[in-house]
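Contents: one structure, followed by commentary.
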Amino acid sequence: MSDLYYTIKGTGSSQYKEKMSRFLSFALPVHSADEAKSEIKRLQNEYHDARHVCWAYMIGPDRLEWQLNDNGEPSGTAGKPILGQINSFNVTDVLIVVVRYFGGIKLGTSGLISAYKEAAKLAIEEAGIKEMHKMCRIKVSFPYMCQDGVMRVAKQDGVETLEKNFDNLCHVTLEFAEDLKEEITGKLSKVEGASVEEVEEDK
């Protein structure tokens, strides 16, 4: 399985008009549901005079955590097409919020779906897309006399040393793309006295 996934480069915003209704769309990078909900609340407060503030988000490299909300629009006409664009661009760690100012002319179900889809698309395009790697983080413990063997692995391309502590018993924390896990741990297993423990990445 590839360790690649995609997210947005930064924030993006756009505006779309349809039959006098105005759709303001925002693409925001987020890394947790709590962060997404905080941003939603902020935009709801900022655009408190709007008829609808609809949204969808996707969290995590495996794209398993998501939620959407129609915020008063007919069911399936707002949150679903917004999420559909997140899936279409295959991005994650992203929140899309679309604010609608009603222009007095009803758009109908298909019109709403089309408008929210287009607004979400424009925000994602404005934000841009970047390639990311799922990362693996390990803690290596080893005797001081074995440091040369461990540090040789730590200094190879694609490996970042996050922490190191040299004493009688030494520790280093290394981070690298998940695709390198088998190679790195295999090399470290050949260093006498070294033990490897996988650690959770800080969010």
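Identifiers in this document derive from the order of the structure tokens: chains are assigned A, B, ..., residues are numbered from 1 separately in each chain, and ligands are numbered from 1 in order of occurrence.
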Considering only C-alpha atoms, return as a ChimeraX atom specification whatever protein or nucleic-acid residues lie within 6 Å of segment 94-103 of chain A, sequence-local ones (same chain, fewer than 5 positions apart) excluded. /A:20-30,50-58
Can you write just those residues out, N, CA, C and O atoms, as a compact mmCIF listing (two decimals), in the first residue's frame?
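Heads up, here's the output in selection.txt:
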```txt
# COMPACT_ATOMS: atom_id res chain seq x y z
N MET A 20 -28.92 35.08 -8.54
CA MET A 20 -28.91 36.10 -7.48
C MET A 20 -28.50 35.58 -6.09
O MET A 20 -28.31 36.36 -5.17
N SER A 21 -28.38 34.25 -5.94
CA SER A 21 -27.84 33.72 -4.69
C SER A 21 -26.31 33.80 -4.76
O SER A 21 -25.72 33.54 -5.81
N ARG A 22 -25.71 34.17 -3.63
CA ARG A 22 -24.26 34.28 -3.56
C ARG A 22 -23.71 33.16 -2.69
O ARG A 22 -24.19 32.94 -1.58
N PHE A 23 -22.72 32.45 -3.19
CA PHE A 23 -22.10 31.34 -2.45
C PHE A 23 -20.64 31.70 -2.19
O PHE A 23 -19.85 31.81 -3.13
N LEU A 24 -20.30 31.90 -0.92
CA LEU A 24 -18.92 32.16 -0.52
C LEU A 24 -18.34 30.83 -0.03
O LEU A 24 -18.90 30.22 0.89
N SER A 25 -17.25 30.40 -0.62
CA SER A 25 -16.70 29.09 -0.23
C SER A 25 -15.29 29.22 0.33
O SER A 25 -14.50 30.06 -0.12
N PHE A 26 -15.01 28.37 1.31
CA PHE A 26 -13.72 28.40 2.01
C PHE A 26 -13.17 26.98 2.15
O PHE A 26 -13.89 26.07 2.56
N ALA A 27 -11.91 26.80 1.78
CA ALA A 27 -11.21 25.53 2.00
C ALA A 27 -10.14 25.78 3.06
O ALA A 27 -9.31 26.68 2.92
N LEU A 28 -10.19 25.00 4.12
CA LEU A 28 -9.28 25.21 5.25
C LEU A 28 -8.58 23.91 5.63
O LEU A 28 -9.22 22.87 5.72
N PRO A 29 -7.26 23.95 5.89
CA PRO A 29 -6.57 22.75 6.37
C PRO A 29 -6.91 22.51 7.84
O PRO A 29 -6.83 23.43 8.66
N VAL A 30 -7.32 21.30 8.18
CA VAL A 30 -7.63 20.93 9.57
C VAL A 30 -7.07 19.53 9.83
O VAL A 30 -6.92 18.74 8.90
N ALA A 50 -26.07 35.21 7.09
CA ALA A 50 -26.33 34.39 5.90
C ALA A 50 -27.47 33.41 6.16
O ALA A 50 -27.70 33.00 7.30
N ARG A 51 -28.16 33.02 5.09
CA ARG A 51 -29.26 32.07 5.22
C ARG A 51 -28.76 30.67 5.61
O ARG A 51 -29.35 29.99 6.42
N HIS A 52 -27.65 30.25 5.00
CA HIS A 52 -27.12 28.90 5.26
C HIS A 52 -25.60 28.93 5.31
O HIS A 52 -24.95 29.62 4.52
N VAL A 53 -25.03 28.16 6.26
CA VAL A 53 -23.58 27.93 6.32
C VAL A 53 -23.39 26.41 6.33
O VAL A 53 -23.52 25.75 7.36
N CYS A 54 -23.12 25.86 5.15
CA CYS A 54 -23.06 24.40 4.97
C CYS A 54 -21.61 23.95 4.88
O CYS A 54 -20.74 24.73 4.48
N TRP A 55 -21.36 22.70 5.23
CA TRP A 55 -19.96 22.27 5.30
C TRP A 55 -19.79 20.76 5.20
O TRP A 55 -20.73 20.00 5.35
N ALA A 56 -18.54 20.38 4.97
CA ALA A 56 -18.12 18.97 5.04
C ALA A 56 -16.64 18.95 5.33
O ALA A 56 -15.91 19.86 4.94
N TYR A 57 -16.20 17.93 6.07
CA TYR A 57 -14.77 17.78 6.30
C TYR A 57 -14.35 16.32 6.18
O TYR A 57 -15.17 15.41 6.28
N MET A 58 -13.05 16.11 5.94
CA MET A 58 -12.44 14.79 5.86
C MET A 58 -11.13 14.86 6.64
O MET A 58 -10.35 15.80 6.46
```
Backbone-only DSSP, strand (DSSP E or B) members of chain A, as a PyMOL selection string: chain A and resi 4-8+12-18+21-29+52-59+65-69+91+94-101+129-133+135-143+160-165+169-177+195-199
Among the residues of chain A, find those DSSP assigns to alpha helix (DSSP H) from the backbone and print them as a ChimeraX atom specification. /A:33-46,79-88,108-127,147-154,181-189
Please list as a PDB file with C-alpha atoms, in the first residue's frame every residue within 7 Å of Ile113 of chain A, counting only C-alpha atoms and excluding residues in the same chain fewer than 4 positions away.
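Heads up, here's the output in out-v6.pdb:
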```pdb
ATOM      1  CA  THR A  77     -28.311  19.307  -1.595  1.00  0.00           C
ATOM      2  CA  ALA A  78     -25.388  20.990   0.213  1.00  0.00           C
ATOM      3  CA  PRO A  81     -22.029  17.744  -2.986  1.00  0.00           C
ATOM      4  CA  THR A 109     -32.798  20.532  -5.838  1.00  0.00           C
ATOM      5  CA  LYS A 117     -20.589  21.490  -5.927  1.00  0.00           C
TER       6      LYS A 117
END
```
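With only C-alpha atoms taken into account, the protein and nucleic acid residues at most 7 Å from Ser195 of chain A (excluding it and anything under 3 positions from it in its own chain) are Val140, Ser141 and Phe142 of chain A.
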Which residues, written as a list in words, have at least one atom at most 10 Å from Glu197 of chain A, with only C-alpha atoms counted and residues fewer than 5 positions away on the same chain left out? Arg137, Ile138, Lys139, Val140, Ser141, Thr173 and Thr185 of chain A
One number please: atom CA of Ala33 of chain A to atom CA of Leu122 of chain A, in Å, one decimal.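 Calculated distance between atom CA of Ala33 of chain A and atom CA of Leu122 of chain A is 22.9 Å.
Counting from atom CA of Gln156 of chain A, the distance to atom CA of Tyr6 of chain A is 25.1 Å.
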Can you work out the spacing between atom CA of Val150 of chain A and atom CA of Val191 of chain A in Å, to one decimal?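 Separating atom CA of Val150 of chain A from atom CA of Val191 of chain A is a distance of 6.8 Å.
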With distances taken over only C-alpha atoms, which residue among A:Trp66, A:Tyr116, A:Phe89, A:Tyr144 lies nearest Ser14 of chain A?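 With only C-alpha atoms as the atom set, the closest residue is A:Tyr116.
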Mind checking which residues fall within 8 Å of Thr92 of chain A, counting only C-alpha atoms, ignoring those fewer than 6 positions away in the same chain, and posting them as a list in words?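 The residues satisfying every condition are Tyr5, Tyr6, Thr7, Ile8, Tyr57, Met58, Ile59, Gly60, Pro61, Arg63 and Ile86 of chain A.
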Just the residues within 12 Å of Gln147 of chain A, please, counting only C-alpha atoms, with nothing from its chain fewer than 3 positions along; format it as a PDB file with N, CA and C atoms, in the first residue's frame.
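What landed in part-v2.pdb:
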```pdb
ATOM      1  N   VAL A 140      14.450   4.465  19.219  1.00  0.00           N
ATOM      2  CA  VAL A 140      15.499   3.451  19.218  1.00  0.00           C
ATOM      3  C   VAL A 140      16.314   3.602  20.499  1.00  0.00           C
ATOM      4  N   SER A 141      16.444   2.516  21.236  1.00  0.00           N
ATOM      5  CA  SER A 141      17.265   2.500  22.453  1.00  0.00           C
ATOM      6  C   SER A 141      18.487   1.612  22.184  1.00  0.00           C
ATOM      7  N   PHE A 142      19.669   2.044  22.632  1.00  0.00           N
ATOM      8  CA  PHE A 142      20.886   1.294  22.327  1.00  0.00           C
ATOM      9  C   PHE A 142      22.010   1.700  23.280  1.00  0.00           C
ATOM     10  N   PRO A 143      22.979   0.796  23.505  1.00  0.00           N
ATOM     11  CA  PRO A 143      24.147   1.141  24.328  1.00  0.00           C
ATOM     12  C   PRO A 143      25.000   2.178  23.617  1.00  0.00           C
ATOM     13  N   TYR A 144      25.704   2.993  24.390  1.00  0.00           N
ATOM     14  CA  TYR A 144      26.511   4.076  23.824  1.00  0.00           C
ATOM     15  C   TYR A 144      27.514   3.564  22.789  1.00  0.00           C
ATOM     16  N   VAL A 150      23.663   2.900  14.762  1.00  0.00           N
ATOM     17  CA  VAL A 150      22.325   3.511  14.781  1.00  0.00           C
ATOM     18  C   VAL A 150      22.330   4.826  14.009  1.00  0.00           C
ATOM     19  N   MET A 151      23.347   5.650  14.247  1.00  0.00           N
ATOM     20  CA  MET A 151      23.368   6.972  13.619  1.00  0.00           C
ATOM     21  C   MET A 151      23.624   6.889  12.112  1.00  0.00           C
ATOM     22  N   ARG A 152      24.251   5.807  11.670  1.00  0.00           N
ATOM     23  CA  ARG A 152      24.421   5.609  10.232  1.00  0.00           C
ATOM     24  C   ARG A 152      23.056   5.475   9.558  1.00  0.00           C
ATOM     25  N   VAL A 153      22.162   4.736  10.215  1.00  0.00           N
ATOM     26  CA  VAL A 153      20.786   4.583   9.704  1.00  0.00           C
ATOM     27  C   VAL A 153      20.032   5.903   9.816  1.00  0.00           C
ATOM     28  N   ALA A 154      20.240   6.599  10.944  1.00  0.00           N
ATOM     29  CA  ALA A 154      19.519   7.856  11.203  1.00  0.00           C
ATOM     30  C   ALA A 154      19.867   8.947  10.190  1.00  0.00           C
ATOM     31  N   LYS A 155      21.079   8.858   9.607  1.00  0.00           N
ATOM     32  CA  LYS A 155      21.533   9.912   8.699  1.00  0.00           C
ATOM     33  C   LYS A 155      21.227   9.632   7.228  1.00  0.00           C
ATOM     34  N   LYS A 164      17.356  13.177  20.417  1.00  0.00           N
ATOM     35  CA  LYS A 164      18.442  12.245  20.719  1.00  0.00           C
ATOM     36  C   LYS A 164      18.984  12.507  22.112  1.00  0.00           C
ATOM     37  N   ASN A 165      19.334  11.441  22.791  1.00  0.00           N
ATOM     38  CA  ASN A 165      19.836  11.522  24.151  1.00  0.00           C
ATOM     39  C   ASN A 165      20.930  10.476  24.302  1.00  0.00           C
ATOM     40  N   PHE A 166      22.175  10.941  24.466  1.00  0.00           N
ATOM     41  CA  PHE A 166      23.304  10.023  24.563  1.00  0.00           C
ATOM     42  C   PHE A 166      23.796   9.931  26.003  1.00  0.00           C
ATOM     43  N   ASP A 167      23.714   8.719  26.542  1.00  0.00           N
ATOM     44  CA  ASP A 167      24.175   8.437  27.902  1.00  0.00           C
ATOM     45  C   ASP A 167      24.711   7.014  27.864  1.00  0.00           C
ATOM     46  N   ASN A 168      24.768   6.346  29.012  1.00  0.00           N
ATOM     47  CA  ASN A 168      25.157   4.930  28.980  1.00  0.00           C
ATOM     48  C   ASN A 168      24.172   4.149  28.109  1.00  0.00           C
ATOM     49  N   LEU A 169      22.875   4.474  28.313  1.00  0.00           N
ATOM     50  CA  LEU A 169      21.843   3.946  27.418  1.00  0.00           C
ATOM     51  C   LEU A 169      21.327   5.127  26.610  1.00  0.00           C
ATOM     52  N   CYS A 170      21.420   5.018  25.308  1.00  0.00           N
ATOM     53  CA  CYS A 170      21.072   6.135  24.429  1.00  0.00           C
ATOM     54  C   CYS A 170      19.696   5.933  23.812  1.00  0.00           C
ATOM     55  N   HIS A 171      19.077   7.047  23.419  1.00  0.00           N
ATOM     56  CA  HIS A 171      17.768   7.006  22.759  1.00  0.00           C
ATOM     57  C   HIS A 171      17.757   8.008  21.608  1.00  0.00           C
ATOM     58  N   VAL A 172      17.193   7.612  20.489  1.00  0.00           N
ATOM     59  CA  VAL A 172      16.902   8.565  19.417  1.00  0.00           C
ATOM     60  C   VAL A 172      15.486   8.303  18.921  1.00  0.00           C
ATOM     61  N   LEU A 188      18.150  -1.484  11.558  1.00  0.00           N
ATOM     62  CA  LEU A 188      18.365  -1.287  12.995  1.00  0.00           C
ATOM     63  C   LEU A 188      18.407  -2.616  13.749  1.00  0.00           C
ATOM     64  N   VAL A 191      21.816  -3.942  14.278  1.00  0.00           N
ATOM     65  CA  VAL A 191      22.728  -3.253  15.196  1.00  0.00           C
ATOM     66  C   VAL A 191      22.618  -3.920  16.562  1.00  0.00           C
ATOM     67  N   GLU A 192      23.725  -4.489  17.027  1.00  0.00           N
ATOM     68  CA  GLU A 192      23.711  -5.244  18.281  1.00  0.00           C
ATOM     69  C   GLU A 192      23.295  -4.351  19.451  1.00  0.00           C
ATOM     70  N   GLY A 193      22.336  -4.812  20.233  1.00  0.00           N
ATOM     71  CA  GLY A 193      21.913  -4.086  21.430  1.00  0.00           C
ATOM     72  C   GLY A 193      20.821  -3.055  21.194  1.00  0.00           C
ATOM     73  N   ALA A 194      20.481  -2.805  19.929  1.00  0.00           N
ATOM     74  CA  ALA A 194      19.462  -1.784  19.624  1.00  0.00           C
ATOM     75  C   ALA A 194      18.059  -2.398  19.696  1.00  0.00           C
TER      76      ALA A 194
END
```
